[in-house]
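Colleague: Have a look at this one before I ask anything.
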Amino acid sequence: MSTVTTTFLVSGMTCGHCVAAVKEEVAKLPSVTEVEIDLASGAVTVLSGEALDTVAIDAAIDEAGYAVVR
Ligand SMILES: [Cu+2]
């Protein structure tokens, strides 16, 4: 199985709780195997078995209470 790496920026995260909330929602997306988040920059790196749907990513981040920077 190949691994797809998706990176994007999330605004509004200020502490470890924010990171955990975003991580939890992103981890629910189909085929996601790993989620790395850098709190300082807001950079989110997601490893998944299939390409992730941009709309689904936006919805997941929105669900967590934050916004993707586009
Ligand atoms: Cu927080």
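Simple scheme: letters A, B, ... for chains in structure tokens order, numbers from 1 for residues in each chain, numbers from 1 for ligands in the order shown.
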To check your reading of the model: which residues sit at most 6 Å from ligand 1 when counting only C-alpha atoms and all ligand atoms? Write the answer as a short mmCIF file (atom, residue, chain, number, x, y, z; two decimals) with all heavy atoms, in the first residue's frame.
Modeller:
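Writing done, so here's part_10.cif:
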```
data_model
loop_
_atom_site.label_atom_id
_atom_site.label_comp_id
_atom_site.auth_asym_id
_atom_site.auth_seq_id
_atom_site.Cartn_x
_atom_site.Cartn_y
_atom_site.Cartn_z
N MET A 13 -4.94 27.30 16.76
CA MET A 13 -4.52 26.37 17.81
C MET A 13 -3.56 27.07 18.76
O MET A 13 -2.60 27.69 18.32
CB MET A 13 -3.83 25.13 17.20
CG MET A 13 -4.75 24.27 16.37
SD MET A 13 -3.93 22.71 15.84
CE MET A 13 -2.67 23.34 14.74
N THR A 14 -3.85 26.98 20.07
CA THR A 14 -3.03 27.71 21.03
C THR A 14 -2.38 26.82 22.09
O THR A 14 -1.53 27.28 22.84
CB THR A 14 -3.87 28.78 21.77
OG1 THR A 14 -5.00 28.13 22.36
CG2 THR A 14 -4.35 29.86 20.80
N CYS A 15 -2.81 25.57 22.20
CA CYS A 15 -2.23 24.72 23.24
C CYS A 15 -2.38 23.24 22.88
O CYS A 15 -2.91 22.89 21.83
CB CYS A 15 -2.91 25.00 24.59
SG CYS A 15 -4.59 24.37 24.67
N GLY A 16 -1.94 22.40 23.77
CA GLY A 16 -1.98 20.97 23.52
C GLY A 16 -3.38 20.41 23.36
O GLY A 16 -3.59 19.43 22.66
N HIS A 17 -4.35 21.07 23.99
CA HIS A 17 -5.73 20.62 23.85
C HIS A 17 -6.22 20.85 22.43
O HIS A 17 -6.94 20.02 21.86
CB HIS A 17 -6.64 21.35 24.84
CG HIS A 17 -6.44 20.93 26.26
ND1 HIS A 17 -6.96 19.76 26.76
CD2 HIS A 17 -5.74 21.49 27.26
CE1 HIS A 17 -6.60 19.64 28.03
NE2 HIS A 17 -5.85 20.68 28.36
N CYS A 18 -5.85 21.99 21.86
CA CYS A 18 -6.23 22.29 20.48
C CYS A 18 -5.62 21.25 19.55
O CYS A 18 -6.30 20.74 18.66
CB CYS A 18 -5.69 23.67 20.07
SG CYS A 18 -6.23 25.03 21.11
#
```
Colleague: So that I can see what lies close to Pro30 (chain A), please list as a ChimeraX atom specification the residues with an atom at most 8 Å from it, counting only C-alpha atoms and leaving out residues fewer than 5 positions away in the same chain.
Modeller: /A:48,50,52
Colleague: Which residue out of A:Leu47, A:Ala21, A:Leu9, A:Val55 has the minimum interatomic distance to Thr33 (chain A) when only C-alpha atoms are used?
Modeller: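 Using only C-alpha atoms, the shortest distance to Thr33 (chain A) belongs to A:Leu47.
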Colleague: Using the chain letters and numbers from this document, which residues of chain A does DSSP assign to alpha helix (DSSP H), as a list in words?
Modeller: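 Filtering chain A to alpha helix (DSSP H) leaves Gly16, His17, Cys18, Val19, Ala20, Ala21, Val22, Lys23, Glu24, Glu25, Val26, Ala27, Thr54, Val55, Ala56, Ile57, Asp58, Ala59, Ala60, Ile61, Asp62, Glu63 and Ala64 of chain A.
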Colleague: Keeping only all heavy atoms, write the selected residues as a compact mmCIF listing (two decimals), in the first residue's frame.
Modeller:
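File produced: again-v7.txt:
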```
# COMPACT_ATOMS: atom_id res chain seq x y z
N GLY A 16 -1.94 22.40 23.77
CA GLY A 16 -1.98 20.97 23.52
C GLY A 16 -3.38 20.41 23.36
O GLY A 16 -3.59 19.43 22.66
N HIS A 17 -4.35 21.07 23.99
CA HIS A 17 -5.73 20.62 23.85
C HIS A 17 -6.22 20.85 22.43
O HIS A 17 -6.94 20.02 21.86
CB HIS A 17 -6.64 21.35 24.84
CG HIS A 17 -6.44 20.93 26.26
ND1 HIS A 17 -6.96 19.76 26.76
CD2 HIS A 17 -5.74 21.49 27.26
CE1 HIS A 17 -6.60 19.64 28.03
NE2 HIS A 17 -5.85 20.68 28.36
N CYS A 18 -5.85 21.99 21.86
CA CYS A 18 -6.23 22.29 20.48
C CYS A 18 -5.62 21.25 19.55
O CYS A 18 -6.30 20.74 18.66
CB CYS A 18 -5.69 23.67 20.07
SG CYS A 18 -6.23 25.03 21.11
N VAL A 19 -4.35 20.96 19.77
CA VAL A 19 -3.66 19.97 18.94
C VAL A 19 -4.36 18.62 19.03
O VAL A 19 -4.60 17.95 18.01
CB VAL A 19 -2.18 19.84 19.37
CG1 VAL A 19 -1.52 18.64 18.71
CG2 VAL A 19 -1.42 21.12 19.05
N ALA A 20 -4.72 18.22 20.25
CA ALA A 20 -5.38 16.93 20.44
C ALA A 20 -6.73 16.89 19.75
O ALA A 20 -7.11 15.87 19.17
CB ALA A 20 -5.54 16.65 21.93
N ALA A 21 -7.47 18.00 19.81
CA ALA A 21 -8.80 18.06 19.20
C ALA A 21 -8.70 17.93 17.68
O ALA A 21 -9.48 17.20 17.05
CB ALA A 21 -9.49 19.38 19.56
N VAL A 22 -7.73 18.64 17.09
CA VAL A 22 -7.55 18.57 15.64
C VAL A 22 -7.10 17.17 15.24
O VAL A 22 -7.60 16.58 14.28
CB VAL A 22 -6.51 19.62 15.17
CG1 VAL A 22 -6.11 19.39 13.71
CG2 VAL A 22 -7.08 21.02 15.35
N LYS A 23 -6.16 16.64 16.01
CA LYS A 23 -5.62 15.32 15.73
C LYS A 23 -6.73 14.27 15.73
O LYS A 23 -6.81 13.40 14.86
CB LYS A 23 -4.59 14.96 16.80
CG LYS A 23 -3.37 14.23 16.30
CD LYS A 23 -2.35 14.06 17.41
CE LYS A 23 -0.96 14.36 16.91
NZ LYS A 23 0.08 14.10 17.89
N GLU A 24 -7.61 14.36 16.71
CA GLU A 24 -8.70 13.40 16.86
C GLU A 24 -9.62 13.42 15.64
O GLU A 24 -10.01 12.37 15.13
CB GLU A 24 -9.49 13.72 18.13
CG GLU A 24 -10.55 12.68 18.46
CD GLU A 24 -11.36 13.06 19.69
OE1 GLU A 24 -10.84 13.79 20.55
OE2 GLU A 24 -12.52 12.63 19.77
N GLU A 25 -9.97 14.63 15.19
CA GLU A 25 -10.89 14.73 14.04
C GLU A 25 -10.23 14.27 12.75
O GLU A 25 -10.85 13.58 11.95
CB GLU A 25 -11.40 16.17 13.89
CG GLU A 25 -12.40 16.59 14.97
CD GLU A 25 -13.62 15.67 15.05
OE1 GLU A 25 -14.08 15.19 14.00
OE2 GLU A 25 -14.09 15.44 16.17
N VAL A 26 -8.97 14.66 12.56
CA VAL A 26 -8.28 14.28 11.32
C VAL A 26 -8.07 12.77 11.26
O VAL A 26 -8.17 12.15 10.20
CB VAL A 26 -6.93 15.03 11.19
CG1 VAL A 26 -6.14 14.51 9.99
CG2 VAL A 26 -7.16 16.53 11.05
N ALA A 27 -7.82 12.18 12.43
CA ALA A 27 -7.58 10.73 12.49
C ALA A 27 -8.81 9.93 12.07
O ALA A 27 -8.70 8.76 11.68
CB ALA A 27 -7.15 10.33 13.89
N THR A 54 -10.20 17.26 0.05
CA THR A 54 -10.03 18.60 0.64
C THR A 54 -11.26 19.03 1.43
O THR A 54 -11.14 19.60 2.51
CB THR A 54 -9.76 19.63 -0.47
OG1 THR A 54 -8.60 19.22 -1.20
CG2 THR A 54 -9.49 21.01 0.12
N VAL A 55 -12.43 18.75 0.88
CA VAL A 55 -13.67 19.13 1.55
C VAL A 55 -13.81 18.39 2.89
O VAL A 55 -14.25 18.97 3.89
CB VAL A 55 -14.89 18.84 0.65
CG1 VAL A 55 -16.20 19.11 1.39
CG2 VAL A 55 -14.82 19.69 -0.61
N ALA A 56 -13.39 17.12 2.90
CA ALA A 56 -13.47 16.33 4.12
C ALA A 56 -12.49 16.84 5.17
O ALA A 56 -12.80 16.87 6.37
CB ALA A 56 -13.18 14.86 3.81
N ILE A 57 -11.31 17.26 4.72
CA ILE A 57 -10.32 17.85 5.64
C ILE A 57 -10.89 19.11 6.27
O ILE A 57 -10.87 19.30 7.49
CB ILE A 57 -9.00 18.18 4.91
CG1 ILE A 57 -8.29 16.90 4.48
CG2 ILE A 57 -8.09 19.03 5.81
CD1 ILE A 57 -7.07 17.14 3.63
N ASP A 58 -11.42 20.00 5.42
CA ASP A 58 -11.99 21.25 5.92
C ASP A 58 -13.10 20.98 6.93
O ASP A 58 -13.20 21.66 7.96
CB ASP A 58 -12.54 22.09 4.75
CG ASP A 58 -11.44 22.75 3.95
OD1 ASP A 58 -10.26 22.42 4.17
OD2 ASP A 58 -11.75 23.63 3.12
N ALA A 59 -13.94 19.99 6.63
CA ALA A 59 -15.06 19.66 7.52
C ALA A 59 -14.54 19.13 8.86
O ALA A 59 -15.09 19.47 9.92
CB ALA A 59 -15.97 18.63 6.85
N ALA A 60 -13.48 18.33 8.82
CA ALA A 60 -12.92 17.76 10.04
C ALA A 60 -12.33 18.85 10.92
O ALA A 60 -12.53 18.87 12.14
CB ALA A 60 -11.84 16.72 9.69
N ILE A 61 -11.62 19.78 10.30
CA ILE A 61 -11.00 20.87 11.07
C ILE A 61 -12.09 21.78 11.64
O ILE A 61 -12.00 22.25 12.77
CB ILE A 61 -10.03 21.68 10.18
CG1 ILE A 61 -8.93 20.78 9.62
CG2 ILE A 61 -9.43 22.84 10.96
CD1 ILE A 61 -8.13 20.03 10.66
N ASP A 62 -13.11 22.03 10.83
CA ASP A 62 -14.23 22.85 11.28
C ASP A 62 -14.92 22.18 12.47
O ASP A 62 -15.29 22.85 13.44
CB ASP A 62 -15.22 23.04 10.13
CG ASP A 62 -16.38 23.95 10.51
OD1 ASP A 62 -16.13 25.14 10.75
OD2 ASP A 62 -17.51 23.45 10.60
N GLU A 63 -15.04 20.86 12.39
CA GLU A 63 -15.67 20.09 13.46
C GLU A 63 -14.89 20.23 14.76
O GLU A 63 -15.45 20.29 15.86
CB GLU A 63 -15.75 18.61 13.04
CG GLU A 63 -16.43 17.68 14.02
CD GLU A 63 -17.91 17.94 14.17
OE1 GLU A 63 -18.55 18.42 13.20
OE2 GLU A 63 -18.44 17.69 15.25
N ALA A 64 -13.57 20.32 14.63
CA ALA A 64 -12.71 20.48 15.81
C ALA A 64 -12.77 21.90 16.35
O ALA A 64 -12.35 22.16 17.48
CB ALA A 64 -11.27 20.10 15.45
```
Colleague: Region 39-46 of chain A: which residues within 6 Å, counting only C-alpha atoms, same-chain residues fewer than 6 positions away excluded, as a VMD selection string?
Modeller: chain A and resid 5 to 10
Colleague: Assign secondary structure with DSSP using the backbone only, and return the residues of chain A in strand (DSSP E) as a list in words.
Modeller: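 Strand (DSSP E) assignments inside chain A correspond to Val4, Thr5, Thr6, Thr7, Phe8, Leu9, Val10, Ser11, Val32, Thr33, Glu34, Val35, Glu36, Ile37, Asp38, Ala43, Val44, Thr45, Val46, Leu47, Ser48, Ala67, Val68 and Val69 of chain A.
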Colleague: With only C-alpha atoms as the basis for distance, which of A:Val69, A:Ile37, A:Leu29, A:Val4 is at the shortest distance from Ala51 (chain A)?
Modeller: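 Among the listed residues, A:Val4 lies closest to Ala51 (chain A).
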